[in-house]
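So this one's upload.txt, compact mmCIF, C-alpha atoms:
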# COMPACT_ATOMS: atom_id res chain seq x y z
CA MET A 1 164.12 99.34 63.47
CA PRO A 2 162.18 102.38 64.88
CA ARG A 3 158.85 100.64 64.20
CA TYR A 4 160.10 97.45 65.86
CA LEU A 5 161.29 99.48 68.85
CA GLY A 6 157.96 101.30 69.12
CA VAL A 7 155.93 98.07 69.04
CA LYS A 8 158.09 96.48 71.73
CA LEU A 9 157.89 99.59 73.92
CA LEU A 10 154.09 99.64 73.64
CA GLN A 11 153.94 95.96 74.59
CA LEU A 12 156.15 96.72 77.61
CA LEU A 13 153.85 99.49 78.88
CA VAL A 14 150.66 97.43 78.37
CA THR A 15 152.23 94.45 80.15
CA LEU A 16 153.30 96.54 83.14
CA ALA A 17 149.82 98.08 83.44
CA GLY A 18 148.23 94.63 83.42
CA VAL A 19 150.73 93.31 85.96
CA ALA A 20 150.09 96.27 88.26
CA ALA A 21 146.33 95.63 88.23
CA LEU A 22 146.83 91.90 88.79
CA ILE A 23 149.20 92.46 91.72
CA PHE A 24 146.72 94.79 93.44
CA LEU A 25 143.74 92.47 93.00
CA LEU A 26 145.55 89.29 94.05
CA LEU A 27 146.89 90.85 97.24
CA ARG A 28 143.39 91.97 98.20
CA VAL A 29 141.91 88.47 97.97
CA LEU A 30 144.67 86.76 99.94
CA PRO A 31 144.02 86.10 103.64
CA GLY A 32 145.84 88.10 106.30
CA ASP A 33 145.69 91.56 107.84
CA VAL A 34 148.75 93.69 108.56
CA VAL A 35 146.99 95.50 111.43
CA GLU A 36 146.08 92.27 113.20
CA ALA A 37 149.58 90.90 112.58
CA LYS A 38 151.09 94.03 114.15
CA TYR A 39 148.85 94.36 117.21
CA LEU A 40 147.46 90.90 117.92
CA ALA A 41 150.50 88.70 117.20
CA GLU A 42 152.17 86.83 120.07
CA GLY A 43 149.22 87.30 122.42
CA GLY A 44 148.70 91.02 121.91
CA ASN A 45 145.45 92.43 123.22
CA VAL A 46 144.07 95.73 121.92
CA SER A 47 140.55 96.98 121.50
CA ALA A 48 138.56 96.84 118.29
CA GLU A 49 138.57 100.66 118.25
CA VAL A 50 142.37 100.71 118.05
CA ILE A 51 142.31 98.18 115.20
CA ALA A 52 139.70 100.23 113.34
CA ALA A 53 141.63 103.47 113.87
CA GLU A 54 144.83 101.92 112.54
CA ARG A 55 143.05 100.51 109.50
CA ALA A 56 141.63 103.98 108.83
CA ARG A 57 145.09 105.55 109.18
CA LEU A 58 146.51 103.10 106.64
CA GLY A 59 143.57 103.62 104.29
CA LEU A 60 142.46 100.00 104.45
CA ASP A 61 138.86 100.98 105.23
CA ARG A 62 138.49 102.88 101.94
CA PRO A 63 136.68 101.33 98.95
CA THR A 64 138.83 99.06 96.83
CA HIS A 65 138.49 101.15 93.69
CA GLU A 66 139.83 104.22 95.52
CA GLN A 67 142.82 102.25 96.79
CA PHE A 68 143.42 100.97 93.27
CA ALA A 69 143.28 104.49 91.82
CA ASP A 70 145.84 105.67 94.41
CA TRP A 71 148.06 102.68 93.61
CA MET A 72 148.04 103.30 89.85
CA GLY A 73 148.49 107.04 90.31
CA GLY A 74 151.46 106.44 92.57
CA LEU A 75 153.05 104.19 89.97
CA VAL A 76 152.80 106.96 87.38
CA ARG A 77 154.54 109.33 89.83
CA LEU A 78 157.05 106.61 90.81
CA GLU A 79 155.66 106.59 94.34
CA LEU A 80 154.98 103.22 95.97
CA GLY A 81 153.49 104.46 99.22
CA ARG A 82 154.68 103.71 102.74
CA SER A 83 155.32 100.42 104.44
CA MET A 84 152.38 99.45 106.62
CA TRP A 85 154.76 97.94 109.16
CA THR A 86 157.63 100.44 109.51
CA GLY A 87 156.00 103.57 108.12
CA ARG A 88 158.99 104.30 105.90
CA PRO A 89 158.53 104.99 102.18
CA VAL A 90 158.60 101.76 100.17
CA VAL A 91 161.13 103.31 97.80
CA GLU A 92 163.55 103.80 100.72
CA GLU A 93 162.97 100.27 102.00
CA ILE A 94 163.77 98.84 98.57
CA SER A 95 166.64 101.15 97.64
CA SER A 96 168.54 100.29 100.82
CA ARG A 97 168.51 96.59 99.83
CA LEU A 98 168.59 96.74 96.04
CA ALA A 99 172.33 97.37 95.63
CA VAL A 100 173.26 94.01 97.20
CA THR A 101 170.94 91.96 95.02
CA MET A 102 171.87 93.92 91.89
CA GLN A 103 175.60 93.46 92.46
CA VAL A 104 175.31 89.73 93.14
CA ALA A 105 173.13 89.28 90.04
CA VAL A 106 175.56 91.17 87.79
CA MET A 107 178.59 89.34 89.20
CA ALA A 108 176.86 85.96 88.87
CA THR A 109 175.90 86.68 85.26
CA ILE A 110 179.44 87.71 84.33
CA ILE A 111 180.87 84.60 86.00
CA ALA A 112 178.31 82.41 84.24
CA ILE A 113 179.11 83.85 80.80
CA VAL A 114 182.87 83.56 81.33
CA ILE A 115 182.49 79.89 82.30
CA ALA A 116 179.69 78.89 79.91
CA VAL A 117 180.92 80.23 76.57
CA PRO A 118 184.24 78.30 76.50
CA LEU A 119 182.55 75.16 77.85
CA GLY A 120 179.68 75.29 75.36
CA ILE A 121 181.93 75.92 72.36
CA THR A 122 184.44 73.24 73.40
CA SER A 123 181.67 70.71 73.97
CA ALA A 124 180.15 71.39 70.54
CA LEU A 125 183.46 71.28 68.67
CA THR A 126 184.49 68.00 70.37
CA HIS A 127 181.06 66.41 69.89
CA GLY A 128 181.06 62.74 70.89
CA SER A 129 184.55 62.78 72.47
CA TRP A 130 185.41 62.20 76.11
CA ILE A 131 185.81 65.96 76.55
CA ASP A 132 182.24 66.49 75.39
CA GLN A 133 181.00 63.75 77.70
CA ALA A 134 182.88 65.22 80.67
CA ILE A 135 181.47 68.71 80.07
CA ARG A 136 177.93 67.33 79.72
CA VAL A 137 178.23 65.39 82.98
CA LEU A 138 179.62 68.48 84.72
CA THR A 139 176.83 70.75 83.51
CA VAL A 140 174.14 68.23 84.43
CA ALA A 141 175.65 67.95 87.91
CA TRP A 142 175.60 71.73 88.31
CA LEU A 143 171.96 71.85 87.26
CA ALA A 144 171.03 69.04 89.63
CA VAL A 145 172.64 70.58 92.71
CA PRO A 146 170.34 73.09 94.48
CA ALA A 147 171.94 76.51 94.86
CA PHE A 148 171.17 76.74 98.58
CA TRP A 149 172.78 73.34 99.26
CA LEU A 150 175.89 74.28 97.28
CA GLY A 151 175.96 77.60 99.15
CA MET A 152 175.85 75.79 102.49
CA LEU A 153 178.74 73.53 101.41
CA VAL A 154 180.80 76.52 100.29
CA LEU A 155 180.04 78.37 103.51
CA LEU A 156 180.92 75.33 105.62
CA GLY A 157 184.16 74.83 103.70
CA LEU A 158 185.17 78.46 104.16
CA LEU A 159 184.39 78.23 107.85
CA LEU A 160 186.38 75.03 108.42
CA MET A 161 189.37 75.84 106.19
CA PHE A 162 189.74 79.60 106.62
CA GLU A 163 187.53 80.33 109.67
CA TRP A 164 185.62 82.82 107.51
CA GLY A 165 181.95 83.57 107.95
CA PRO A 166 179.66 86.05 106.20
CA PRO A 167 179.85 89.55 107.74
CA ILE A 168 176.81 90.71 109.67
CA GLU A 169 176.77 94.14 108.05
CA ARG A 170 177.03 94.99 104.36
CA ILE A 171 180.41 96.21 103.16
CA SER A 172 180.13 99.08 100.68
CA LEU A 173 181.79 98.70 97.30
CA PHE A 174 182.95 102.32 97.34
CA GLU A 175 184.29 102.32 100.90
CA ASP A 176 186.05 98.92 100.86
CA PRO A 177 186.14 97.31 97.37
CA LEU A 178 188.20 94.29 98.48
CA GLY A 179 186.00 93.65 101.50
CA ASN A 180 182.90 93.99 99.35
CA LEU A 181 184.30 91.53 96.80
CA GLU A 182 185.21 89.07 99.56
CA GLN A 183 181.65 89.26 100.89
CA LEU A 184 179.78 88.86 97.59
CA ILE A 185 182.06 86.72 95.41
CA TRP A 186 180.98 83.45 97.05
CA PRO A 187 177.21 83.84 96.59
CA ALA A 188 177.91 85.09 93.06
CA LEU A 189 179.97 81.97 92.33
CA VAL A 190 177.28 79.69 93.72
CA VAL A 191 174.54 81.29 91.64
CA GLY A 192 176.76 81.72 88.58
CA ALA A 193 177.77 78.04 88.55
CA ARG A 194 174.21 76.83 88.00
CA MET A 195 173.49 79.59 85.52
CA SER A 196 176.64 78.74 83.53
CA ALA A 197 175.54 75.12 83.20
CA MET A 198 172.25 76.13 81.60
CA ILE A 199 173.92 78.59 79.21
CA ALA A 200 176.64 76.09 78.25
CA ARG A 201 174.13 73.37 77.39
CA MET A 202 172.02 75.78 75.35
CA LEU A 203 175.07 77.11 73.50
CA ARG A 204 176.29 73.57 72.77
CA SER A 205 172.95 72.51 71.31
CA SER A 206 172.50 75.62 69.18
CA LEU A 207 176.09 75.55 67.92
CA LEU A 208 175.78 71.90 66.91
CA GLU A 209 172.59 72.72 65.02
CA VAL A 210 174.19 75.67 63.21
CA LEU A 211 177.29 73.66 62.27
CA ASN A 212 175.05 71.25 60.35
CA GLU A 213 173.49 73.99 58.21
CA ASP A 214 174.04 74.09 54.45
CA TYR A 215 175.94 77.37 54.45
CA ILE A 216 178.47 75.92 56.91
CA ARG A 217 179.06 72.93 54.64
CA THR A 218 179.45 75.32 51.70
CA ALA A 219 182.07 77.32 53.59
CA ARG A 220 183.95 74.13 54.43
CA SER A 221 183.86 72.98 50.79
CA LYS A 222 185.44 76.29 49.80
CA GLY A 223 188.37 75.60 52.11
CA VAL A 224 187.57 78.13 54.83
CA ARG A 225 189.41 77.36 58.05
CA GLU A 226 187.34 75.75 60.80
CA SER A 227 188.21 78.48 63.29
CA ALA A 228 186.99 81.15 60.84
CA ILE A 229 183.78 79.19 60.18
CA VAL A 230 183.02 78.99 63.89
CA ALA A 231 183.94 82.59 64.70
CA ARG A 232 182.48 84.38 61.67
CA HIS A 233 179.58 82.23 60.50
CA ALA A 234 178.37 79.84 63.20
CA LEU A 235 178.87 81.52 66.56
CA GLY A 236 176.77 84.61 65.84
CA ASN A 237 173.68 82.55 65.00
CA ALA A 238 174.34 80.05 67.79
CA LEU A 239 174.42 82.84 70.38
CA LEU A 240 170.80 83.83 69.78
CA PRO A 241 169.18 81.17 72.01
CA ALA A 242 171.93 81.65 74.60
CA VAL A 243 171.19 85.39 74.73
CA THR A 244 167.57 84.60 75.55
CA VAL A 245 168.62 82.27 78.37
CA VAL A 246 171.03 84.85 79.80
CA GLY A 247 168.31 87.50 79.77
CA MET A 248 165.74 85.26 81.44
CA GLU A 249 168.14 84.07 84.13
CA PHE A 250 169.37 87.59 84.85
CA ALA A 251 165.78 88.77 85.26
CA PHE A 252 165.10 85.95 87.72
CA LEU A 253 168.23 86.87 89.69
CA LEU A 254 167.10 90.49 89.95
CA GLY A 255 163.83 89.15 91.32
CA GLY A 256 165.63 88.26 94.50
CA LEU A 257 168.04 85.52 95.51
CA VAL A 258 165.84 84.54 98.41
CA VAL A 259 167.56 81.37 99.64
CA THR A 260 171.10 82.45 98.71
CA GLU A 261 170.66 85.71 100.60
CA GLN A 262 169.49 83.77 103.64
CA VAL A 263 172.48 81.39 103.51
CA PHE A 264 175.09 84.12 103.10
CA ASN A 265 173.34 86.62 105.39
CA LEU A 266 172.82 89.18 102.64
CA ASN A 267 170.27 91.90 103.32
CA GLY A 268 168.85 92.01 99.78
CA ILE A 269 165.39 92.42 98.34
CA GLY A 270 164.75 88.66 98.40
CA LYS A 271 165.11 88.69 102.18
CA LEU A 272 163.00 91.85 102.34
CA LEU A 273 160.19 90.07 100.46
CA ILE A 274 160.18 87.24 103.02
CA GLN A 275 159.87 89.77 105.85
CA ALA A 276 157.08 91.64 104.05
CA VAL A 277 155.10 88.44 103.47
CA GLY A 278 155.54 87.40 107.11
CA GLN A 279 154.21 90.77 108.24
CA ASN A 280 151.35 90.95 105.67
CA ASP A 281 152.74 94.31 104.58
CA PHE A 282 150.61 94.72 101.45
CA THR A 283 152.16 98.03 100.39
CA LEU A 284 155.71 96.71 100.56
CA ILE A 285 154.75 93.44 98.84
CA GLN A 286 153.06 95.40 96.05
CA GLY A 287 156.15 97.52 95.55
CA LEU A 288 158.53 94.55 95.54
CA VAL A 289 156.47 92.40 93.17
CA MET A 290 155.99 95.37 90.85
CA LEU A 291 159.74 95.97 90.91
CA PHE A 292 160.33 92.32 90.00
CA ALA A 293 157.87 92.67 87.13
CA VAL A 294 159.63 95.81 85.89
CA PHE A 295 162.97 94.02 86.03
CA PHE A 296 161.65 91.01 84.17
CA VAL A 297 159.84 92.97 81.44
CA THR A 298 162.71 95.42 80.98
CA VAL A 299 165.33 92.69 80.69
CA ASN A 300 163.14 90.87 78.17
CA PHE A 301 162.75 94.14 76.25
CA ALA A 302 166.53 94.58 76.18
CA THR A 303 166.93 90.95 75.12
CA ASP A 304 164.52 91.46 72.22
CA LEU A 305 166.51 94.48 71.08
CA LEU A 306 169.76 92.55 71.28
CA TYR A 307 168.13 89.68 69.44
CA ALA A 308 167.08 92.07 66.66
CA ALA A 309 170.59 93.52 66.49
CA LEU A 310 172.13 90.05 66.13
CA ASP A 311 169.52 88.76 63.66
CA PRO A 312 168.22 91.33 61.10
CA ARG A 313 165.37 88.97 60.14
CA VAL A 314 163.69 89.65 63.49
CA ARG A 315 163.37 93.42 63.02
CA LEU A 316 162.57 93.10 59.30
CA ARG A 317 159.55 90.94 60.12
As C-alpha cells, how would this structure be written, given the file I've shared?
Amino acid sequence: MPRYLGVKLLQLLVTLAGVAALIFLLLRVLPGDVVEAKYLAEGGNVSAEVIAAERARLGLDRPTHEQFADWMGGLVRLELGRSMWTGRPVVEEISSRLAVTMQVAVMATIIAIVIAVPLGITSALTHGSWIDQAIRVLTVAWLAVPAFWLGMLVLLGLLLMFEWGPPIERISLFEDPLGNLEQLIWPALVVGARMSAMIARMLRSSLLEVLNEDYIRTARSKGVRESAIVARHALGNALLPAVTVVGMEFAFLLGGLVVTEQVFNLNGIGKLLIQAVGQNDFTLIQGLVMLFAVFFVTVNFATDLLYAALDPRVRLR
C-alpha cells in the first residue's frame, strides 16, 4: 500500500505541474486585454500612456518567461497573485465564494447517494419487473432534464406556491443554520437529482453483472440467503464503478455550478469565473482554473485510494 500511495502521489504532483503550465500558456494566447476592458469599455477614452502605465503596473509588459516563473513560484508558496480588476488577492476573492459552492456540492452528493443506492439495488434485484422498468424510466428522465431548467421550475414553483425567492445575500451556516439550509437545499436537490440518476444506473448495471458471477452462483447453491449474498458478496464489488462515478461527479460540482448558481442567485466560484472571463482578468481566471484542477485531481486521488481499499487487487498490482 505505501508504494501504491507514493506512485499515485507522484502522479498527482506531475499532473498539477503540467496543468499549471498549460493554464498559463493557453490564457496568454487567447484574445482580450484586461487593461483595455477596464479603461476602454463602454466608450471609455484614455491615452495610450495610461494604458501602458497600467500594463506595466500589472506586470503585463514583462517577458512571458518571467511571468511564468512568478506564476509557478507563487503556486509553490500558495500565492495566486492579485486580481487585475479589483486589486484584491485572488485567494481572498476565491475564499469568499468557495464555501457556498463547497456546501452545495457536498449536500448534492449526499442527497444523490441517499437516493441512488436504494434505487440502484432495488432495480437490480427486481430485474425485468415493472419496478425495474419504472426506476429506469425515472432515471433516464432525470438525466434528460437539464439542471438549469429543473432549477427554474423549482424556483417558479416555490415562488407561486410559497412566495419564496432566493435571498440576495448569503446566509451563514454558523449564524443561521435553518436559514442557510433553506437557501441551499433547493439547488442541492436539483443538482443531486441528476447525479443520483447516473449513480443509480451505474450501480444497477454493475450489481447485475456481479450477481451473474460464478462465486455468487456457488453461494446460492450452498443455501446462503439472498440478502446475505447481496450484502456480503455482491454489493462490495458492485460499488467500485459507482465510487468512480461519485468521485468524478463530485469533482465536477466543485468546479463550479455555473448555471445553478445563476438561477438560485448563489455567489459561488462558478459565478465568479463568469465575471472573471467577462473582465479578462487573467490572474483570477488562472487561480480559479488551477483550483478546479486541484479539486479534480485530488478527488480522483482520493477515489483511487478508496478503490484500492475496496479491492485489494488494485494495490497489489
Non-local contacts of stretch 215-220 of chain A (8 Å; only C-alpha atoms; under 6 positions in same chain excluded) as a CSV table (one decimal) with C-alpha atoms, in the coordinates of the input:
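Listed below is the output, around33.csv:
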chain,number,residue,atom,x,y,z
A,226,GLU,CA,187.3,75.8,60.8
A,229,ILE,CA,183.8,79.2,60.2
A,233,HIS,CA,179.6,82.2,60.5
A,234,ALA,CA,178.4,79.8,63.2
Open item on the list: Just to confirm, what's the straight-line distance from atom CA of A:Leu119 to atom CA of A:Ile135 in Å (one decimal)?
Closed with: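 Separating atom CA of A:Leu119 from atom CA of A:Ile135 is a distance of 6.9 Å.
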Using all atoms listed in the file, find each residue of stretch 57-96 of chain A with at least one atom at most 7 Å away from an atom of stretch 266-289 of chain A; report its shortest atom-to-atom pair and that distance in Å (one decimal), sort the rows by chain and rising residue number, and return the result as a Markdown table.
| residue | atom | partner | partner_atom | distance |
| --- | --- | --- | --- | --- |
| A:Leu80 | CA | A:Gly287 | CA | 5.8 |
| A:Gly81 | CA | A:Thr283 | CA | 6.7 |
| A:Arg82 | CA | A:Thr283 | CA | 6.6 |
| A:Ser83 | CA | A:Leu284 | CA | 5.4 |
| A:Met84 | CA | A:Asp281 | CA | 5.5 |
| A:Trp85 | CA | A:Asp281 | CA | 6.2 |
| A:Val90 | CA | A:Leu284 | CA | 5.8 |
| A:Ile94 | CA | A:Ile269 | CA | 6.6 |
Task: From A:Ser221, A:Leu5, A:Val29, A:Phe252, residue lying nearest A:Phe301 [all atoms listed in the file] - done: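 Checking each candidate against A:Phe301, we get A:Leu5 as the closest.
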- [ ] Pick out the residues sitting within 8 Å of A:Met195, and hand them over as a PyMOL selection string; count all atoms listed in the file, and ignore anything fewer than 5 positions along from it in its own chain.
- [x] chain A and resi 108-109+112+249
Open item on the list: With distances taken over all atoms listed in the file, which residue among A:Glu261, A:Glu93, A:Asp304, A:Asp70 lies nearest A:Val191?
Closed with: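 Under the stated criterion, the closest residue is A:Glu261.
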Only N, CA and C atoms needed: put stretch 4-32 of chain A from the block into a file as a PDB file, in the first residue's frame.
ATOM      1  N   TYR A   4       2.001   1.961  -3.536  1.00  0.00           N
ATOM      2  CA  TYR A   4       0.865   2.401  -4.348  1.00  0.00           C
ATOM      3  C   TYR A   4       0.544   3.860  -4.050  1.00  0.00           C
ATOM      4  N   LEU A   5       0.558   4.217  -2.764  1.00  0.00           N
ATOM      5  CA  LEU A   5       0.271   5.594  -2.362  1.00  0.00           C
ATOM      6  C   LEU A   5       1.330   6.547  -2.907  1.00  0.00           C
ATOM      7  N   GLY A   6       2.606   6.146  -2.856  1.00  0.00           N
ATOM      8  CA  GLY A   6       3.668   7.002  -3.358  1.00  0.00           C
ATOM      9  C   GLY A   6       3.583   7.231  -4.855  1.00  0.00           C
ATOM     10  N   VAL A   7       3.261   6.186  -5.613  1.00  0.00           N
ATOM     11  CA  VAL A   7       3.123   6.329  -7.069  1.00  0.00           C
ATOM     12  C   VAL A   7       1.980   7.271  -7.410  1.00  0.00           C
ATOM     13  N   LYS A   8       0.853   7.111  -6.738  1.00  0.00           N
ATOM     14  CA  LYS A   8      -0.302   7.972  -7.011  1.00  0.00           C
ATOM     15  C   LYS A   8      -0.020   9.420  -6.633  1.00  0.00           C
ATOM     16  N   LEU A   9       0.699   9.622  -5.534  1.00  0.00           N
ATOM     17  CA  LEU A   9       1.028  10.986  -5.117  1.00  0.00           C
ATOM     18  C   LEU A   9       1.973  11.645  -6.109  1.00  0.00           C
ATOM     19  N   LEU A  10       2.935  10.895  -6.629  1.00  0.00           N
ATOM     20  CA  LEU A  10       3.841  11.437  -7.642  1.00  0.00           C
ATOM     21  C   LEU A  10       3.084  11.797  -8.916  1.00  0.00           C
ATOM     22  N   GLN A  11       2.165  10.942  -9.328  1.00  0.00           N
ATOM     23  CA  GLN A  11       1.343  11.248 -10.500  1.00  0.00           C
ATOM     24  C   GLN A  11       0.522  12.509 -10.275  1.00  0.00           C
ATOM     25  N   LEU A  12       0.016  12.708  -9.057  1.00  0.00           N
ATOM     26  CA  LEU A  12      -0.772  13.903  -8.743  1.00  0.00           C
ATOM     27  C   LEU A  12       0.067  15.164  -8.910  1.00  0.00           C
ATOM     28  N   LEU A  13       1.292  15.161  -8.380  1.00  0.00           N
ATOM     29  CA  LEU A  13       2.145  16.340  -8.441  1.00  0.00           C
ATOM     30  C   LEU A  13       2.554  16.651  -9.885  1.00  0.00           C
ATOM     31  N   VAL A  14       2.904  15.624 -10.657  1.00  0.00           N
ATOM     32  CA  VAL A  14       3.292  15.833 -12.056  1.00  0.00           C
ATOM     33  C   VAL A  14       2.112  16.378 -12.863  1.00  0.00           C
ATOM     34  N   THR A  15       0.924  15.842 -12.610  1.00  0.00           N
ATOM     35  CA  THR A  15      -0.271  16.309 -13.319  1.00  0.00           C
ATOM     36  C   THR A  15      -0.560  17.766 -13.015  1.00  0.00           C
ATOM     37  N   LEU A  16      -0.458  18.148 -11.747  1.00  0.00           N
ATOM     38  CA  LEU A  16      -0.734  19.538 -11.371  1.00  0.00           C
ATOM     39  C   LEU A  16       0.291  20.485 -11.983  1.00  0.00           C
ATOM     40  N   ALA A  17       1.554  20.077 -12.047  1.00  0.00           N
ATOM     41  CA  ALA A  17       2.575  20.922 -12.668  1.00  0.00           C
ATOM     42  C   ALA A  17       2.289  21.114 -14.157  1.00  0.00           C
ATOM     43  N   GLY A  18       1.909  20.041 -14.831  1.00  0.00           N
ATOM     44  CA  GLY A  18       1.570  20.153 -16.249  1.00  0.00           C
ATOM     45  C   GLY A  18       0.341  21.012 -16.482  1.00  0.00           C
ATOM     46  N   VAL A  19      -0.660  20.861 -15.618  1.00  0.00           N
ATOM     47  CA  VAL A  19      -1.877  21.672 -15.749  1.00  0.00           C
ATOM     48  C   VAL A  19      -1.567  23.144 -15.527  1.00  0.00           C
ATOM     49  N   ALA A  20      -0.722  23.444 -14.545  1.00  0.00           N
ATOM     50  CA  ALA A  20      -0.369  24.842 -14.270  1.00  0.00           C
ATOM     51  C   ALA A  20       0.302  25.492 -15.482  1.00  0.00           C
ATOM     52  N   ALA A  21       1.235  24.772 -16.104  1.00  0.00           N
ATOM     53  CA  ALA A  21       1.903  25.304 -17.292  1.00  0.00           C
ATOM     54  C   ALA A  21       0.919  25.494 -18.440  1.00  0.00           C
ATOM     55  N   LEU A  22       0.023  24.534 -18.614  1.00  0.00           N
ATOM     56  CA  LEU A  22      -0.951  24.616 -19.711  1.00  0.00           C
ATOM     57  C   LEU A  22      -1.917  25.773 -19.502  1.00  0.00           C
ATOM     58  N   ILE A  23      -2.369  25.975 -18.276  1.00  0.00           N
ATOM     59  CA  ILE A  23      -3.276  27.089 -17.976  1.00  0.00           C
ATOM     60  C   ILE A  23      -2.613  28.418 -18.331  1.00  0.00           C
ATOM     61  N   PHE A  24      -1.368  28.593 -17.905  1.00  0.00           N
ATOM     62  CA  PHE A  24      -0.660  29.852 -18.157  1.00  0.00           C
ATOM     63  C   PHE A  24      -0.517  30.112 -19.652  1.00  0.00           C
ATOM     64  N   LEU A  25      -0.090  29.099 -20.392  1.00  0.00           N
ATOM     65  CA  LEU A  25       0.154  29.287 -21.829  1.00  0.00           C
ATOM     66  C   LEU A  25      -1.138  29.549 -22.590  1.00  0.00           C
ATOM     67  N   LEU A  26      -2.196  28.810 -22.274  1.00  0.00           N
ATOM     68  CA  LEU A  26      -3.450  28.985 -23.000  1.00  0.00           C
ATOM     69  C   LEU A  26      -4.053  30.364 -22.768  1.00  0.00           C
ATOM     70  N   LEU A  27      -3.946  30.872 -21.551  1.00  0.00           N
ATOM     71  CA  LEU A  27      -4.509  32.191 -21.275  1.00  0.00           C
ATOM     72  C   LEU A  27      -3.732  33.292 -21.982  1.00  0.00           C
ATOM     73  N   ARG A  28      -2.464  33.041 -22.268  1.00  0.00           N
ATOM     74  CA  ARG A  28      -1.664  34.068 -22.945  1.00  0.00           C
ATOM     75  C   ARG A  28      -1.934  34.123 -24.449  1.00  0.00           C
ATOM     76  N   VAL A  29      -2.448  33.057 -25.025  1.00  0.00           N
ATOM     77  CA  VAL A  29      -2.712  33.070 -26.470  1.00  0.00           C
ATOM     78  C   VAL A  29      -4.153  33.450 -26.785  1.00  0.00           C
ATOM     79  N   LEU A  30      -5.004  33.509 -25.775  1.00  0.00           N
ATOM     80  CA  LEU A  30      -6.396  33.887 -26.014  1.00  0.00           C
ATOM     81  C   LEU A  30      -6.491  35.389 -26.244  1.00  0.00           C
ATOM     82  N   PRO A  31      -7.436  35.832 -27.077  1.00  0.00           N
ATOM     83  CA  PRO A  31      -7.594  37.272 -27.307  1.00  0.00           C
ATOM     84  C   PRO A  31      -8.202  37.960 -26.088  1.00  0.00           C
ATOM     85  N   GLY A  32      -7.964  39.263 -25.980  1.00  0.00           N
ATOM     86  CA  GLY A  32      -8.537  40.030 -24.880  1.00  0.00           C
ATOM     87  C   GLY A  32      -7.456  40.652 -24.023  1.00  0.00           C
TER      88      GLY A  32
END
